[in-house]
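Asks: The structure file target.cif (mmCIF, C-alpha atoms) is provided below.
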data_input
#
loop_
_atom_site.label_atom_id
_atom_site.label_comp_id
_atom_site.auth_asym_id
_atom_site.auth_seq_id
_atom_site.Cartn_x
_atom_site.Cartn_y
_atom_site.Cartn_z
CA MET A 1 -33.79 4.76 -33.29
CA ARG A 2 -36.80 2.71 -32.26
CA ALA A 3 -38.71 5.85 -31.26
CA HIS A 4 -38.68 6.88 -34.93
CA ARG A 5 -40.73 3.77 -35.72
CA THR A 6 -43.64 4.93 -33.58
CA PRO A 7 -45.41 7.10 -36.23
CA THR A 8 -45.16 4.36 -38.86
CA LEU A 9 -46.44 1.71 -36.47
CA ALA A 10 -49.28 3.93 -35.24
CA THR A 11 -50.36 4.68 -38.81
CA ASN A 12 -50.21 0.99 -39.66
CA ARG A 13 -52.36 0.19 -36.62
CA ALA A 14 -54.96 2.76 -37.71
CA ASP A 15 -55.10 1.07 -41.13
CA LEU A 16 -55.55 -2.35 -39.50
CA VAL A 17 -58.37 -1.05 -37.30
CA GLU A 18 -60.12 0.46 -40.33
CA ASP A 19 -59.84 -2.90 -42.09
CA TRP A 20 -61.19 -4.60 -38.94
CA VAL A 21 -64.26 -2.35 -38.72
CA ARG A 22 -64.98 -2.68 -42.44
CA THR A 23 -64.66 -6.49 -42.33
CA VAL A 24 -66.82 -6.83 -39.21
CA ASN A 25 -69.59 -4.92 -40.99
CA ARG A 26 -69.27 -7.18 -44.04
CA LEU A 27 -69.46 -10.26 -41.84
CA ARG A 28 -72.57 -9.00 -40.08
CA ARG A 29 -74.27 -8.35 -43.43
CA LEU A 30 -73.46 -11.88 -44.58
CA MET A 31 -74.70 -13.40 -41.32
CA LEU A 32 -77.90 -11.40 -41.60
CA GLY A 33 -78.51 -13.18 -44.91
CA ILE A 34 -77.79 -16.55 -43.31
CA SER A 35 -79.54 -16.23 -39.97
CA PRO A 36 -80.97 -13.00 -38.53
CA VAL A 37 -81.23 -14.61 -35.08
CA LEU A 38 -77.54 -15.56 -35.08
CA GLU A 39 -76.56 -12.10 -36.29
CA ARG A 40 -78.59 -10.59 -33.46
CA ALA A 41 -77.39 -12.98 -30.74
CA LEU A 42 -73.64 -12.98 -31.37
CA THR A 43 -71.06 -10.22 -30.94
CA PHE A 44 -68.84 -10.16 -34.01
CA THR A 45 -66.07 -8.16 -32.37
CA ASN A 46 -65.70 -11.01 -29.88
CA VAL A 47 -62.79 -13.36 -30.68
CA ALA A 48 -64.73 -16.40 -29.44
CA THR A 49 -67.58 -15.59 -31.84
CA LEU A 50 -65.11 -15.34 -34.73
CA ILE A 51 -63.56 -18.69 -33.80
CA LEU A 52 -67.04 -20.21 -33.84
CA ILE A 53 -68.10 -18.63 -37.16
CA SER A 54 -64.82 -19.60 -38.83
CA ALA A 55 -66.01 -23.22 -38.56
CA TYR A 56 -69.82 -23.08 -38.14
CA GLN A 57 -71.88 -20.43 -39.92
CA THR A 58 -75.43 -21.75 -40.28
CA PRO A 59 -78.05 -22.78 -37.73
CA GLU A 60 -78.01 -26.30 -39.20
CA GLN A 61 -74.23 -26.62 -38.75
CA ILE A 62 -74.41 -25.35 -35.19
CA ARG A 63 -77.26 -27.68 -34.23
CA ALA A 64 -75.53 -30.63 -35.90
CA ALA A 65 -72.28 -29.96 -34.06
CA GLY A 66 -73.97 -29.88 -30.66
CA ARG A 67 -72.90 -28.28 -27.42
CA GLU A 68 -69.93 -30.49 -26.57
CA GLN A 69 -68.35 -30.20 -30.02
CA LEU A 70 -68.82 -26.42 -30.12
CA ILE A 71 -67.25 -25.99 -26.68
CA ALA A 72 -64.39 -28.33 -27.58
CA HIS A 73 -63.71 -26.36 -30.78
CA LEU A 74 -63.70 -23.05 -28.93
CA ARG A 75 -61.46 -24.31 -26.14
CA ARG A 76 -59.06 -25.90 -28.62
CA HIS A 77 -58.53 -22.43 -30.05
CA ARG A 78 -58.24 -20.90 -26.55
CA ALA A 79 -61.44 -18.91 -26.75
CA VAL A 80 -62.56 -17.03 -23.63
CA ASN A 81 -66.14 -17.71 -22.44
CA ALA A 82 -66.38 -20.81 -24.64
CA VAL A 83 -69.43 -22.19 -22.82
CA LYS A 84 -71.31 -18.88 -22.93
CA VAL A 85 -70.72 -18.35 -26.67
CA ALA A 86 -71.63 -21.95 -27.51
CA ASP A 87 -74.88 -21.70 -25.55
CA GLN A 88 -75.77 -18.37 -27.17
CA ALA A 89 -75.19 -19.82 -30.64
CA LEU A 90 -77.23 -22.96 -29.89
CA ALA A 91 -80.13 -20.96 -28.44
CA ALA A 92 -80.20 -18.73 -31.52
CA ALA A 93 -79.87 -21.67 -33.92
CA ALA A 94 -82.83 -23.38 -32.27
CA GLU A 95 -85.05 -20.43 -33.25
CA GLN A 96 -84.52 -20.86 -37.01
CA ASP A 97 -85.25 -23.95 -39.05
CA LEU A 98 -85.63 -22.06 -42.32
CA THR A 99 -82.89 -22.18 -44.96
CA LEU A 100 -82.49 -18.83 -46.66
CA PRO A 101 -81.65 -18.50 -50.39
CA GLY A 102 -77.92 -18.43 -51.16
CA GLN A 103 -77.08 -19.60 -47.67
CA ASP A 104 -74.24 -21.96 -48.63
CA THR A 105 -72.36 -19.32 -50.62
CA ALA A 106 -72.82 -16.73 -47.88
CA ALA A 107 -71.69 -19.25 -45.25
CA ALA A 108 -68.44 -19.97 -47.09
CA LEU A 109 -67.71 -16.26 -47.39
CA ALA A 110 -68.59 -15.68 -43.73
CA GLY A 111 -66.15 -18.37 -42.67
CA GLU A 112 -63.39 -16.71 -44.72
CA LEU A 113 -64.14 -13.29 -43.25
CA ALA A 114 -64.15 -14.65 -39.69
CA THR A 115 -60.75 -16.24 -40.30
CA HIS A 116 -59.46 -12.98 -41.78
CA LEU A 117 -60.68 -11.08 -38.71
CA LEU A 118 -58.84 -13.49 -36.42
CA HIS A 119 -55.63 -12.79 -38.36
CA LEU A 120 -56.31 -9.04 -38.16
CA HIS A 121 -56.85 -9.28 -34.42
CA GLN A 122 -53.48 -10.97 -33.98
CA ARG A 123 -51.78 -8.40 -36.20
CA VAL A 124 -53.25 -5.56 -34.11
CA LYS A 125 -52.00 -7.25 -30.92
CA ASN A 126 -48.53 -7.66 -32.40
CA THR A 127 -48.53 -4.04 -33.57
CA ASP A 128 -49.57 -2.86 -30.10
CA LYS A 129 -46.57 -4.64 -28.60
CA ALA A 130 -44.26 -3.13 -31.22
CA ILE A 131 -45.66 0.36 -30.57
CA GLU A 132 -45.12 0.01 -26.83
CA GLN A 133 -41.53 -1.12 -27.36
CA ALA A 134 -40.80 1.64 -29.89
CA PHE A 135 -42.48 4.35 -27.81
CA ALA A 136 -40.43 3.40 -24.75
CA ALA A 137 -37.36 4.77 -26.58
CA HIS A 138 -38.87 8.27 -26.82
CA PRO A 139 -37.01 10.65 -24.47
CA GLN A 140 -40.25 11.91 -22.89
CA ALA A 141 -42.16 8.63 -22.92
CA GLY A 142 -42.23 8.40 -19.13
CA ILE A 143 -43.57 11.93 -18.80
CA ILE A 144 -46.43 11.38 -21.24
CA ARG A 145 -47.31 8.00 -19.73
CA SER A 146 -47.32 9.49 -16.22
CA LEU A 147 -50.49 11.47 -17.00
CA PRO A 148 -53.45 9.35 -15.82
CA GLY A 149 -55.31 7.79 -18.73
CA MET A 150 -52.35 7.99 -21.12
CA GLY A 151 -51.72 4.38 -22.09
CA ALA A 152 -49.01 3.35 -24.53
CA LEU A 153 -51.27 3.63 -27.59
CA ALA A 154 -52.74 7.01 -26.62
CA ALA A 155 -49.26 8.32 -25.84
CA ALA A 156 -47.93 7.08 -29.18
CA GLU A 157 -50.84 8.71 -31.01
CA PHE A 158 -50.06 11.96 -29.18
CA ILE A 159 -46.46 11.86 -30.42
CA VAL A 160 -47.59 11.15 -33.97
CA ALA A 161 -50.09 14.03 -33.95
CA VAL A 162 -47.96 16.63 -32.17
CA GLY A 163 -44.41 15.86 -33.25
CA ASP A 164 -42.23 18.60 -31.80
CA LEU A 165 -43.95 20.36 -28.89
CA SER A 166 -41.81 23.46 -29.43
CA THR A 167 -43.98 24.32 -32.43
CA PHE A 168 -46.79 25.17 -29.98
CA ALA A 169 -46.07 28.42 -28.17
CA SER A 170 -48.64 27.78 -25.45
CA PRO A 171 -51.14 25.18 -24.25
CA ASP A 172 -53.85 27.31 -25.87
CA HIS A 173 -52.27 26.71 -29.27
CA LEU A 174 -52.07 22.98 -28.59
CA ALA A 175 -55.69 22.91 -27.41
CA ALA A 176 -56.81 24.74 -30.55
CA TYR A 177 -54.90 22.24 -32.69
CA ALA A 178 -56.78 19.46 -30.89
CA GLY A 179 -60.13 21.19 -31.44
CA LEU A 180 -60.61 21.68 -27.70
CA ALA A 181 -60.46 25.48 -27.59
CA PRO A 182 -62.49 28.12 -29.44
CA VAL A 183 -60.72 30.18 -32.09
CA ALA A 184 -61.08 33.91 -32.72
CA ARG A 185 -63.22 35.13 -35.61
CA ASP A 186 -62.66 38.86 -35.22
CA SER A 187 -63.68 41.21 -37.98
CA GLY A 188 -63.19 44.98 -38.01
CA LYS A 189 -64.45 46.36 -34.73
CA ARG A 190 -65.82 43.01 -33.65
CA VAL A 191 -63.34 41.49 -31.21
CA ALA A 192 -63.41 38.51 -28.85
CA ASN A 193 -65.69 36.77 -31.31
CA LEU A 194 -65.02 33.10 -30.62
CA ARG A 195 -66.32 30.05 -32.44
CA ARG A 196 -65.83 26.31 -32.40
CA PRO A 197 -62.89 25.27 -34.58
CA GLN A 198 -63.78 23.74 -37.94
CA ARG A 199 -60.31 22.54 -38.81
CA TYR A 200 -58.27 20.65 -36.22
CA ASN A 201 -56.38 17.41 -35.74
CA ARG A 202 -59.08 14.83 -35.09
CA ARG A 203 -56.51 12.24 -34.15
CA LEU A 204 -55.22 14.43 -31.33
CA ARG A 205 -58.73 15.34 -30.18
CA HIS A 206 -59.54 11.61 -30.01
CA VAL A 207 -56.44 11.01 -27.85
CA PHE A 208 -57.44 13.62 -25.27
CA TYR A 209 -61.12 12.68 -25.37
CA MET A 210 -60.60 8.94 -24.87
CA SER A 211 -57.83 9.32 -22.31
CA SER A 212 -60.05 11.72 -20.35
CA LEU A 213 -62.95 9.28 -20.53
CA SER A 214 -60.79 6.47 -19.13
CA THR A 215 -59.93 8.53 -16.03
CA LEU A 216 -63.58 8.75 -14.97
CA ARG A 217 -63.50 5.14 -13.80
CA ILE A 218 -61.16 5.86 -10.89
CA ASN A 219 -61.19 8.37 -8.06
CA GLY A 220 -58.82 11.28 -8.47
CA PRO A 221 -58.49 14.86 -9.65
CA ASN A 222 -59.75 14.11 -13.17
CA ARG A 223 -62.98 12.57 -11.94
CA ASP A 224 -63.39 15.32 -9.34
CA TYR A 225 -63.02 17.99 -12.02
CA TYR A 226 -65.54 16.23 -14.28
CA GLN A 227 -68.09 15.91 -11.48
CA ARG A 228 -67.61 19.57 -10.57
CA LYS A 229 -68.44 20.55 -14.16
CA ARG A 230 -71.52 18.34 -14.11
CA ALA A 231 -72.61 19.98 -10.85
CA GLU A 232 -72.28 23.35 -12.61
CA GLY A 233 -74.93 22.19 -15.08
CA ARG A 234 -72.82 20.98 -17.98
CA LYS A 235 -73.87 17.88 -19.89
CA HIS A 236 -71.64 14.79 -20.02
CA GLN A 237 -70.07 15.71 -23.36
CA GLN A 238 -69.41 19.29 -22.29
CA ALA A 239 -67.88 18.25 -18.98
CA LEU A 240 -65.67 15.70 -20.70
CA ILE A 241 -64.44 18.27 -23.24
CA ALA A 242 -63.69 20.66 -20.37
CA LEU A 243 -61.66 17.93 -18.68
CA ALA A 244 -59.80 17.17 -21.91
CA ARG A 245 -58.99 20.86 -22.29
CA ARG A 246 -57.63 21.00 -18.76
CA ARG A 247 -55.47 17.95 -19.39
CA VAL A 248 -53.90 19.71 -22.40
CA ASP A 249 -52.63 22.40 -20.00
CA VAL A 250 -51.28 19.77 -17.61
CA LEU A 251 -49.49 17.70 -20.25
CA TRP A 252 -48.05 20.77 -21.99
CA ALA A 253 -46.60 21.99 -18.66
CA LEU A 254 -45.16 18.56 -17.85
CA LEU A 255 -43.40 18.33 -21.20
CA ARG A 256 -42.18 21.92 -20.97
CA ASP A 257 -40.72 21.34 -17.49
CA ASN A 258 -39.54 17.82 -18.33
CA ARG A 259 -41.13 16.29 -15.24
CA CYS A 260 -43.60 13.50 -14.56
CA PHE A 261 -47.14 13.99 -13.28
CA GLN A 262 -47.71 13.80 -9.54
CA LEU A 263 -50.85 14.40 -7.52
CA GLN A 264 -49.20 17.02 -5.34
CA PRO A 265 -47.81 19.94 -7.41
CA PRO A 266 -44.08 20.58 -6.98
CA PRO A 267 -43.15 23.33 -4.53
CA ALA A 268 -42.77 26.80 -5.99
CA PRO A 269 -39.16 27.97 -6.31
CA SER A 270 -38.06 30.06 -3.34
CA ALA A 271 -37.41 33.74 -3.88
CA PRO A 272 -33.76 34.74 -4.04
CA VAL A 273 -32.36 36.12 -0.83
#
Would you kindly transcribe this structure into structure tokens?
Replies:
Amino acid sequence: MRAHRTPTLATNRADLVEDWVRTVNRLRRLMLGISPVLERALTFTNVATLILISAYQTPEQIRAAGREQLIAHLRRHRAVNAVKVADQALAAAAEQDLTLPGQDTAAALAGELATHLLHLHQRVKNTDKAIEQAFAAHPQAGIIRSLPGMGALAAAEFIVAVGDLSTFASPDHLAAYAGLAPVARDSGKRVANLRRPQRYNRRLRHVFYMSSLSTLRINGPNRDYYQRKRAEGRKHQQALIALARRRVDVLWALLRDNRCFQLQPPPAPSAPV
């Protein structure tokens, strides 16, 4: 039954991520009105930065706290790279001794947004764990995860986007649904007129694109195929799309045959005697 929770959890995670991105942008705008040098120096998708900003938002507050207090605050909340973030904040705060209009109000709001982002970050982490547990109950979870680059989240997104693989008669149909294959635009006597798809499942395209990108970091057939396409003169984006398209064929065949990925293809069945 837990496998049925995967689509709901994946959709909920997408909503949380949208909220995260929107709130990070709001926080950056507020910090820009408080201190442009702080906004430029700090990374607001970094948990340690959010821990810092939840308590100290202005250059004056950061300078008044001092290095030891900032580091102690960050370490108390188990921030990674506490010393680095504290030093970055202090260096930026030292560059601004001007108080901007409306700073106190903006600082209070920035502190609230930073706290909200920390809660969102924890909710995303909890959702990721729930997705992994729920996805493990899917009958073909091991097959999907066996394809290099297919982590638990990417695999869960694939299940949400595709549903029942039997609805796709061939890997070409699946690739077209993912926006990775051209579609026919024949008219009258004009045949074999192909064009880029305008309507496709962007969620599925993102799964194949990002999972393909992750495989380029390690040696193997995916990286070899990508480099071969680059050697043929294709640009990075084109070579990556070609790799993603190839991986559609591989995953479709694995699911059809109900077998896990392996570097060496299985032996062909022997002819009947």
Asks: From the options A:Ala253, A:Met210, A:Leu216, A:Val17, which residue's atoms come nearest to A:Ile143, counting all atoms listed in the file?
Replies: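 Smallest separation from A:Ile143 among the options: A:Ala253.
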Asks: List the residues matched by the PyMOL selection byres ((chain A and resi 239) around 12) in the displayed structure as a list in words, ordered by chain and then by residue number.
Replies: Leu180, Tyr209, Ser212, Leu213, Leu216, Asn222, Arg223, Asp224, Tyr225, Tyr226, Gln227, Arg228, Lys229, Arg230, Ala231, Glu232, Gly233, Arg234, Lys235, His236, Gln237, Gln238, Leu240, Ile241, Ala242, Leu243, Ala244, Arg245 and Arg246 of chain A
Asks: Between atom CA of A:Ala106 and atom CA of A:Asp87, what is the distance, to one decimal in Å?
Replies: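 About the pair atom CA of A:Ala106 and atom CA of A:Asp87: they are 23.0 Å apart.
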Asks: Which residues fall under the PyMOL selection byres ((chain A and resi 24-33) around 9) in this file, as a PDB file with C-alpha atoms, in the coordinates of the input?
Replies:
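The new file expr_8.pdb reads:
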ATOM      1  CA  ASP A  19     -59.840  -2.900 -42.090  1.00  0.00           C
ATOM      2  CA  TRP A  20     -61.190  -4.600 -38.940  1.00  0.00           C
ATOM      3  CA  VAL A  21     -64.260  -2.350 -38.720  1.00  0.00           C
ATOM      4  CA  ARG A  22     -64.980  -2.680 -42.440  1.00  0.00           C
ATOM      5  CA  THR A  23     -64.660  -6.490 -42.330  1.00  0.00           C
ATOM      6  CA  ILE A  34     -77.790 -16.550 -43.310  1.00  0.00           C
ATOM      7  CA  SER A  35     -79.540 -16.230 -39.970  1.00  0.00           C
ATOM      8  CA  PRO A  36     -80.970 -13.000 -38.530  1.00  0.00           C
ATOM      9  CA  VAL A  37     -81.230 -14.610 -35.080  1.00  0.00           C
ATOM     10  CA  LEU A  38     -77.540 -15.560 -35.080  1.00  0.00           C
ATOM     11  CA  GLU A  39     -76.560 -12.100 -36.290  1.00  0.00           C
ATOM     12  CA  ARG A  40     -78.590 -10.590 -33.460  1.00  0.00           C
ATOM     13  CA  PHE A  44     -68.840 -10.160 -34.010  1.00  0.00           C
ATOM     14  CA  THR A  45     -66.070  -8.160 -32.370  1.00  0.00           C
ATOM     15  CA  GLN A  57     -71.880 -20.430 -39.920  1.00  0.00           C
ATOM     16  CA  THR A  58     -75.430 -21.750 -40.280  1.00  0.00           C
ATOM     17  CA  LEU A 100     -82.490 -18.830 -46.660  1.00  0.00           C
ATOM     18  CA  PRO A 101     -81.650 -18.500 -50.390  1.00  0.00           C
ATOM     19  CA  GLY A 102     -77.920 -18.430 -51.160  1.00  0.00           C
ATOM     20  CA  GLN A 103     -77.080 -19.600 -47.670  1.00  0.00           C
ATOM     21  CA  ALA A 106     -72.820 -16.730 -47.880  1.00  0.00           C
ATOM     22  CA  ALA A 107     -71.690 -19.250 -45.250  1.00  0.00           C
ATOM     23  CA  LEU A 109     -67.710 -16.260 -47.390  1.00  0.00           C
ATOM     24  CA  ALA A 110     -68.590 -15.680 -43.730  1.00  0.00           C
ATOM     25  CA  GLY A 111     -66.150 -18.370 -42.670  1.00  0.00           C
ATOM     26  CA  LEU A 113     -64.140 -13.290 -43.250  1.00  0.00           C
ATOM     27  CA  ALA A 114     -64.150 -14.650 -39.690  1.00  0.00           C
ATOM     28  CA  LEU A 117     -60.680 -11.080 -38.710  1.00  0.00           C
TER      29      LEU A 117
END
Asks: Give me, as a PDB file with C-alpha atoms, in the coordinates of the input, all polymer residues having an atom no more than 12 Å from A:His77, counting only C-alpha atoms and skipping those fewer than 4 positions away in the same chain.
Replies:
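Here's the written file part27.pdb:
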ATOM      1  CA  VAL A  47     -62.790 -13.360 -30.680  1.00  0.00           C
ATOM      2  CA  ALA A  48     -64.730 -16.400 -29.440  1.00  0.00           C
ATOM      3  CA  THR A  49     -67.580 -15.590 -31.840  1.00  0.00           C
ATOM      4  CA  LEU A  50     -65.110 -15.340 -34.730  1.00  0.00           C
ATOM      5  CA  ILE A  51     -63.560 -18.690 -33.800  1.00  0.00           C
ATOM      6  CA  LEU A  52     -67.040 -20.210 -33.840  1.00  0.00           C
ATOM      7  CA  SER A  54     -64.820 -19.600 -38.830  1.00  0.00           C
ATOM      8  CA  ALA A  55     -66.010 -23.220 -38.560  1.00  0.00           C
ATOM      9  CA  LEU A  70     -68.820 -26.420 -30.120  1.00  0.00           C
ATOM     10  CA  ILE A  71     -67.250 -25.990 -26.680  1.00  0.00           C
ATOM     11  CA  ALA A  72     -64.390 -28.330 -27.580  1.00  0.00           C
ATOM     12  CA  HIS A  73     -63.710 -26.360 -30.780  1.00  0.00           C
ATOM     13  CA  ASN A  81     -66.140 -17.710 -22.440  1.00  0.00           C
ATOM     14  CA  ALA A  82     -66.380 -20.810 -24.640  1.00  0.00           C
ATOM     15  CA  LEU A 118     -58.840 -13.490 -36.420  1.00  0.00           C
TER      16      LEU A 118
END
Asks: Ranking A:Leu9, A:Ala64, A:Met150, A:Val250 by minimum distance to A:Ala130 and counting only C-alpha atoms, which one comes first?
Replies: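 Between A:Leu9, A:Ala64, A:Met150, A:Val250, the residue approaching A:Ala130 most closely is A:Leu9.
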Asks: Can you work out the spacing between atom CA of A:Pro148 and atom CA of A:Val248 in Å, to one decimal?
Replies: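 Answer for the atom CA of A:Pro148 to atom CA of A:Val248 separation: 12.3 Å.
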Asks: Atom CA of A:Ile144 and atom CA of A:Phe261, how far apart in Å?
Replies: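 One can read the atom CA of A:Phe261 to atom CA of A:Ile144 distance as 8.4 Å.
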Asks: How would you write as an MDAnalysis selection string the residues that get within 8 Å of (-76.4, -26.4, -31.0) in the file's frame, counting only C-alpha atoms?
Replies: chainID A and resid 59 62:67 70 86:87 89:91 93:94
Asks: Within 7 Å of A:Ser211, counting all atoms listed in the file, which residues show up once you throw out same-chain ones fewer than 4 positions away? Write them as a PyMOL selection string, please.
Replies: chain A and resi 149-150+207+215
Asks: Do you know which residues the PyMOL selection byres ((chain A and resi 157) around 12) returns on this file, as number ranges by chain?
Replies: A: 6-14, 128, 131-132, 135, 141, 144-145, 150-156, 158-163, 201-208, 210-211
Asks: Compare A:Ala134, A:Thr43, A:Val124, A:Thr105 by their minimum atom-to-atom distance to A:Glu18, counting only C-alpha atoms, and give me the closest one.
Replies: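 Result for the nearest residue to A:Glu18: A:Val124.
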Asks: When distances are computed from only C-alpha atoms, which of A:Val83, A:Ala176, A:Leu165, A:Ile218 shows the smallest separation from A:Leu251?
Replies: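 Counting only C-alpha atoms, the residue closest to A:Leu251 is A:Leu165.
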Asks: Hey, which of A:Tyr200, A:Glu60, A:Leu42, A:Ala137 ends up closest to A:Leu174? Count all atoms listed in the file.
Replies: A:Tyr200
Asks: Let me make sure I understand: among A:Gly179, A:Arg256, A:Arg217, A:Gln61, which one has the smallest atom-to-atom distance to A:Thr99 if we use all atoms listed in the file?
Replies: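 Comparing A:Gly179, A:Arg256, A:Arg217, A:Gln61 against A:Thr99, the winner is A:Gln61.
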